[in-house]
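**Q** Provided herewith: coords09.pdb, PDB, N, CA and C atoms.
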```pdb
ATOM      1  N   MET A  29     -45.445 -66.966 -13.121
ATOM      2  CA  MET A  29     -44.177 -67.345 -12.530
ATOM      3  C   MET A  29     -43.055 -66.624 -13.282
ATOM      4  N   PRO A  30     -42.174 -65.946 -12.563
ATOM      5  CA  PRO A  30     -41.072 -65.244 -13.216
ATOM      6  C   PRO A  30     -40.087 -66.226 -13.853
ATOM      7  N   VAL A  31     -39.493 -65.789 -14.934
ATOM      8  CA  VAL A  31     -38.467 -66.573 -15.608
ATOM      9  C   VAL A  31     -37.136 -66.269 -14.932
ATOM     10  N   PRO A  32     -36.386 -67.291 -14.487
ATOM     11  CA  PRO A  32     -35.085 -67.032 -13.861
ATOM     12  C   PRO A  32     -34.203 -66.198 -14.780
ATOM     13  N   GLY A  33     -33.566 -65.236 -14.196
ATOM     14  CA  GLY A  33     -32.693 -64.361 -14.965
ATOM     15  C   GLY A  33     -33.383 -63.108 -15.453
ATOM     16  N   TYR A  34     -34.720 -63.106 -15.433
ATOM     17  CA  TYR A  34     -35.461 -61.938 -15.866
ATOM     18  C   TYR A  34     -36.287 -61.336 -14.746
ATOM     19  N   ASP A  35     -36.295 -61.966 -13.611
ATOM     20  CA  ASP A  35     -36.986 -61.437 -12.444
ATOM     21  C   ASP A  35     -36.160 -60.263 -11.911
ATOM     22  N   PRO A  36     -36.766 -59.075 -11.766
ATOM     23  CA  PRO A  36     -36.002 -57.928 -11.268
ATOM     24  C   PRO A  36     -35.286 -58.199  -9.946
ATOM     25  N   GLU A  37     -35.885 -59.019  -9.084
ATOM     26  CA  GLU A  37     -35.220 -59.336  -7.810
ATOM     27  C   GLU A  37     -33.956 -60.152  -8.044
ATOM     28  N   ASP A  38     -33.984 -61.075  -9.021
ATOM     29  CA  ASP A  38     -32.788 -61.855  -9.356
ATOM     30  C   ASP A  38     -31.684 -60.942  -9.870
ATOM     31  N   ILE A  39     -32.066 -60.033 -10.754
ATOM     32  CA  ILE A  39     -31.083 -59.110 -11.319
ATOM     33  C   ILE A  39     -30.529 -58.211 -10.227
ATOM     34  N   ASP A  40     -31.404 -57.704  -9.359
ATOM     35  CA  ASP A  40     -30.949 -56.837  -8.275
ATOM     36  C   ASP A  40     -30.003 -57.574  -7.335
ATOM     37  N   ASP A  41     -30.341 -58.800  -6.974
ATOM     38  CA  ASP A  41     -29.466 -59.597  -6.105
ATOM     39  C   ASP A  41     -28.105 -59.808  -6.755
ATOM     40  N   THR A  42     -28.109 -60.084  -8.051
ATOM     41  CA  THR A  42     -26.852 -60.289  -8.765
ATOM     42  C   THR A  42     -26.027 -59.014  -8.788
ATOM     43  N   LEU A  43     -26.659 -57.882  -9.062
ATOM     44  CA  LEU A  43     -25.941 -56.601  -9.074
ATOM     45  C   LEU A  43     -25.330 -56.309  -7.712
ATOM     46  N   GLU A  44     -26.096 -56.537  -6.655
ATOM     47  CA  GLU A  44     -25.582 -56.275  -5.311
ATOM     48  C   GLU A  44     -24.398 -57.186  -4.984
ATOM     49  N   THR A  45     -24.432 -58.411  -5.492
ATOM     50  CA  THR A  45     -23.334 -59.349  -5.257
ATOM     51  C   THR A  45     -22.090 -58.943  -6.034
ATOM     52  N   LEU A  46     -22.285 -58.454  -7.260
ATOM     53  CA  LEU A  46     -21.164 -58.139  -8.143
ATOM     54  C   LEU A  46     -20.481 -56.824  -7.814
ATOM     55  N   LEU A  47     -21.232 -55.862  -7.320
ATOM     56  CA  LEU A  47     -20.692 -54.522  -7.098
ATOM     57  C   LEU A  47     -20.246 -54.317  -5.654
ATOM     58  N   GLU A  48     -19.102 -53.719  -5.513
ATOM     59  CA  GLU A  48     -18.630 -53.273  -4.203
ATOM     60  C   GLU A  48     -19.376 -51.990  -3.852
ATOM     61  N   PRO A  49     -19.507 -51.664  -2.562
ATOM     62  CA  PRO A  49     -20.223 -50.439  -2.180
ATOM     63  C   PRO A  49     -19.702 -49.177  -2.868
ATOM     64  N   ASP A  50     -18.387 -49.059  -3.038
ATOM     65  CA  ASP A  50     -17.853 -47.867  -3.692
ATOM     66  C   ASP A  50     -18.180 -47.850  -5.181
ATOM     67  N   GLU A  51     -18.371 -49.018  -5.792
ATOM     68  CA  GLU A  51     -18.781 -49.068  -7.192
ATOM     69  C   GLU A  51     -20.223 -48.600  -7.341
ATOM     70  N   ILE A  52     -21.076 -48.963  -6.405
ATOM     71  CA  ILE A  52     -22.465 -48.526  -6.439
ATOM     72  C   ILE A  52     -22.516 -47.002  -6.403
ATOM     73  N   GLU A  53     -21.678 -46.398  -5.591
ATOM     74  CA  GLU A  53     -21.636 -44.944  -5.474
ATOM     75  C   GLU A  53     -21.247 -44.280  -6.794
ATOM     76  N   GLU A  54     -20.489 -44.970  -7.639
ATOM     77  CA  GLU A  54     -20.090 -44.421  -8.932
ATOM     78  C   GLU A  54     -21.276 -44.342  -9.898
ATOM     79  N   TYR A  55     -22.245 -45.210  -9.747
ATOM     80  CA  TYR A  55     -23.378 -45.277 -10.660
ATOM     81  C   TYR A  55     -24.550 -44.409 -10.236
ATOM     82  N   LEU A  56     -24.667 -44.102  -8.958
ATOM     83  CA  LEU A  56     -25.838 -43.392  -8.444
ATOM     84  C   LEU A  56     -25.483 -41.984  -8.003
ATOM     85  N   ASP A  57     -26.413 -41.043  -8.226
ATOM     86  CA  ASP A  57     -26.205 -39.706  -7.682
ATOM     87  C   ASP A  57     -26.601 -39.728  -6.199
ATOM     88  N   ASP A  58     -26.412 -38.629  -5.518
ATOM     89  CA  ASP A  58     -26.641 -38.586  -4.067
ATOM     90  C   ASP A  58     -28.075 -38.951  -3.682
ATOM     91  N   GLU A  59     -29.040 -38.446  -4.429
ATOM     92  CA  GLU A  59     -30.456 -38.721  -4.121
ATOM     93  C   GLU A  59     -30.775 -40.202  -4.336
ATOM     94  N   GLN A  60     -30.284 -40.761  -5.434
ATOM     95  CA  GLN A  60     -30.507 -42.178  -5.716
ATOM     96  C   GLN A  60     -29.826 -43.053  -4.670
ATOM     97  N   LEU A  61     -28.616 -42.691  -4.302
ATOM     98  CA  LEU A  61     -27.860 -43.458  -3.317
ATOM     99  C   LEU A  61     -28.579 -43.470  -1.974
ATOM    100  N   GLU A  62     -29.120 -42.330  -1.578
ATOM    101  CA  GLU A  62     -29.869 -42.250  -0.321
ATOM    102  C   GLU A  62     -31.109 -43.143  -0.382
ATOM    103  N   SER A  63     -31.826 -43.095  -1.496
ATOM    104  CA  SER A  63     -33.020 -43.931  -1.655
ATOM    105  C   SER A  63     -32.651 -45.416  -1.625
ATOM    106  N   TYR A  64     -31.563 -45.775  -2.281
ATOM    107  CA  TYR A  64     -31.106 -47.163  -2.289
ATOM    108  C   TYR A  64     -30.726 -47.619  -0.880
ATOM    109  N   ARG A  65     -29.962 -46.813  -0.182
ATOM    110  CA  ARG A  65     -29.496 -47.189   1.163
ATOM    111  C   ARG A  65     -30.637 -47.245   2.174
ATOM    112  N   ASN A  66     -31.675 -46.449   1.961
ATOM    113  CA  ASN A  66     -32.816 -46.437   2.883
ATOM    114  C   ASN A  66     -33.867 -47.473   2.510
ATOM    115  N   GLY A  67     -33.600 -48.266   1.478
ATOM    116  CA  GLY A  67     -34.521 -49.319   1.087
ATOM    117  C   GLY A  67     -35.694 -48.862   0.242
ATOM    118  N   GLY A  68     -35.648 -47.621  -0.238
ATOM    119  CA  GLY A  68     -36.746 -47.110  -1.056
ATOM    120  C   GLY A  68     -36.742 -47.640  -2.472
ATOM    121  N   ASP A  69     -35.571 -47.843  -3.039
ATOM    122  CA  ASP A  69     -35.441 -48.321  -4.414
ATOM    123  C   ASP A  69     -34.350 -49.375  -4.494
ATOM    124  N   ASP A  70     -34.507 -50.271  -5.455
ATOM    125  CA  ASP A  70     -33.487 -51.272  -5.742
ATOM    126  C   ASP A  70     -32.603 -50.774  -6.874
ATOM    127  N   LEU A  71     -31.467 -51.420  -7.072
ATOM    128  CA  LEU A  71     -30.568 -51.027  -8.142
ATOM    129  C   LEU A  71     -31.245 -51.114  -9.502
ATOM    130  N   VAL A  72     -32.076 -52.125  -9.724
ATOM    131  CA  VAL A  72     -32.758 -52.241 -11.021
ATOM    132  C   VAL A  72     -33.737 -51.094 -11.261
ATOM    133  N   ASP A  73     -34.197 -50.459 -10.190
ATOM    134  CA  ASP A  73     -35.072 -49.297 -10.323
ATOM    135  C   ASP A  73     -34.280 -48.039 -10.647
ATOM    136  N   LEU A  74     -33.046 -47.989 -10.211
ATOM    137  CA  LEU A  74     -32.245 -46.770 -10.306
ATOM    138  C   LEU A  74     -31.293 -46.736 -11.488
ATOM    139  N   LEU A  75     -30.813 -47.879 -11.917
ATOM    140  CA  LEU A  75     -29.857 -47.933 -13.017
ATOM    141  C   LEU A  75     -30.577 -48.048 -14.352
ATOM    142  N   GLU A  76     -29.968 -47.499 -15.385
ATOM    143  CA  GLU A  76     -30.480 -47.640 -16.740
ATOM    144  C   GLU A  76     -30.171 -49.043 -17.254
ATOM    145  N   GLY A  77     -30.955 -49.522 -18.187
ATOM    146  CA  GLY A  77     -30.767 -50.856 -18.740
ATOM    147  C   GLY A  77     -29.377 -51.084 -19.304
ATOM    148  N   ASP A  78     -28.835 -50.063 -20.005
ATOM    149  CA  ASP A  78     -27.495 -50.223 -20.569
ATOM    150  C   ASP A  78     -26.429 -50.294 -19.478
ATOM    151  N   GLU A  79     -26.640 -49.590 -18.368
ATOM    152  CA  GLU A  79     -25.701 -49.684 -17.244
ATOM    153  C   GLU A  79     -25.735 -51.083 -16.638
ATOM    154  N   ILE A  80     -26.933 -51.631 -16.494
ATOM    155  CA  ILE A  80     -27.075 -52.979 -15.933
ATOM    156  C   ILE A  80     -26.382 -53.988 -16.830
ATOM    157  N   ARG A  81     -26.601 -53.882 -18.134
ATOM    158  CA  ARG A  81     -25.952 -54.810 -19.076
ATOM    159  C   ARG A  81     -24.433 -54.703 -19.004
ATOM    160  N   ARG A  82     -23.913 -53.463 -18.936
ATOM    161  CA  ARG A  82     -22.445 -53.283 -18.848
ATOM    162  C   ARG A  82     -21.888 -53.920 -17.586
ATOM    163  N   ILE A  83     -22.582 -53.743 -16.473
ATOM    164  CA  ILE A  83     -22.120 -54.331 -15.210
ATOM    165  C   ILE A  83     -22.117 -55.852 -15.322
ATOM    166  N   LEU A  84     -23.217 -56.405 -15.819
ATOM    167  CA  LEU A  84     -23.318 -57.858 -15.946
ATOM    168  C   LEU A  84     -22.274 -58.401 -16.918
ATOM    169  N   ASP A  85     -22.065 -57.705 -18.034
ATOM    170  CA  ASP A  85     -21.055 -58.136 -19.006
ATOM    171  C   ASP A  85     -19.648 -58.031 -18.437
ATOM    172  N   ARG A  86     -19.376 -56.921 -17.786
ATOM    173  CA  ARG A  86     -18.033 -56.678 -17.237
ATOM    174  C   ARG A  86     -17.685 -57.704 -16.164
ATOM    175  N   LYS A  87     -18.666 -58.071 -15.379
ATOM    176  CA  LYS A  87     -18.439 -59.021 -14.289
ATOM    177  C   LYS A  87     -18.677 -60.460 -14.729
ATOM    178  N   ASP A  88     -19.004 -60.641 -16.025
ATOM    179  CA  ASP A  88     -19.235 -61.979 -16.592
ATOM    180  C   ASP A  88     -20.293 -62.750 -15.794
ATOM    181  N   ALA A  89     -21.393 -62.076 -15.515
ATOM    182  CA  ALA A  89     -22.476 -62.688 -14.755
ATOM    183  C   ALA A  89     -23.251 -63.660 -15.629
ATOM    184  N   SER A  90     -23.838 -64.640 -15.001
ATOM    185  CA  SER A  90     -24.600 -65.648 -15.724
ATOM    186  C   SER A  90     -26.085 -65.323 -15.785
ATOM    187  N   ILE A  91     -26.424 -64.067 -15.763
ATOM    188  CA  ILE A  91     -27.815 -63.628 -15.811
ATOM    189  C   ILE A  91     -27.925 -62.568 -16.893
ATOM    190  N   ASP A  92     -29.026 -62.559 -17.611
ATOM    191  CA  ASP A  92     -29.251 -61.570 -18.667
ATOM    192  C   ASP A  92     -30.272 -60.564 -18.213
ATOM    193  N   ALA A  93     -30.010 -59.309 -18.546
ATOM    194  CA  ALA A  93     -30.989 -58.254 -18.276
ATOM    195  C   ALA A  93     -31.965 -58.184 -19.431
ATOM    196  N   PRO A  94     -33.252 -58.015 -19.131
ATOM    197  CA  PRO A  94     -34.228 -57.906 -20.220
ATOM    198  C   PRO A  94     -34.010 -56.630 -20.999
ATOM    199  N   ASP A  95     -34.448 -56.626 -22.266
ATOM    200  CA  ASP A  95     -34.349 -55.426 -23.102
ATOM    201  C   ASP A  95     -35.386 -54.419 -22.697
TER     202      ASP A  95
END
```
Step by step, read the file and then write its structure as structure tokens.

**A**
Amino acid sequence: MPVPGYDPEDIDDTLETLLEPDEIEEYLDDEQLESYRNGGDDLVDLLEGDEIRRILDRKDASIDAPD
């Protein structure tokens, strides 16, 4: 059973809620953005761990990204 806050789907859902579409474009290159928009990859697959932590910290999210 996944631990709440550490399940990649929970983190991805939180990132999608916190980021505006134009903010997502700032983090992803064209190839990554296309894969994300076509459902091939989630944000947790495409973003680096430090980027995820910065987003969560900046938006004061109540979820922690795993190390």

**Q** Would you work out the distance separating atom C of Asp78 (chain A) from atom C of Glu54 (chain A), expressed in Å to one decimal?

**A**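 Rounded to one decimal, the two atoms are 12.4 Å apart.
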
**Q** Please compute the atom N of Glu37 (chain A)-atom N of Leu74 (chain A) distance, one decimal, in Å.

**A**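 These two atoms are separated by 11.4 Å.
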
**Q** Taking all atoms listed in the file into account, which of A:Glu53, A:Glu48, A:Asp85, A:Leu43 comes nearest Leu71 (chain A)?

**A**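 Counting all atoms listed in the file, the residue closest to Leu71 (chain A) is A:Leu43.
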
**Q** Given the file shown, enumerate the residues that the PyMOL selection byres (((chain A and resi 73 and name CA) around 12) and name CA) captures and present them as a list in words.

**A** Pro36, Glu37, Ile39, Asp40, Leu43, Leu56, Gln60, Leu61, Ser63, Tyr64, Gly67, Gly68, Asp69, Asp70, Leu71, Val72, Leu74, Leu75, Glu76, Gly77, Glu79 and Ile80 of chain A

**Q** Rounded to one decimal in Å, what is the spacing between atom N of Ile52 (chain A) and atom N of Asp38 (chain A)?

**A**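 Between these atoms lies a distance of 17.9 Å.
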
**Q** Tell me which of A:Pro49, A:Tyr55, A:Asp35, A:Asn66 sits closest to Arg82 (chain A), counting only C-alpha atoms.

**A**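 Looking at the shortest contact to Arg82 (chain A), the residue is A:Tyr55.
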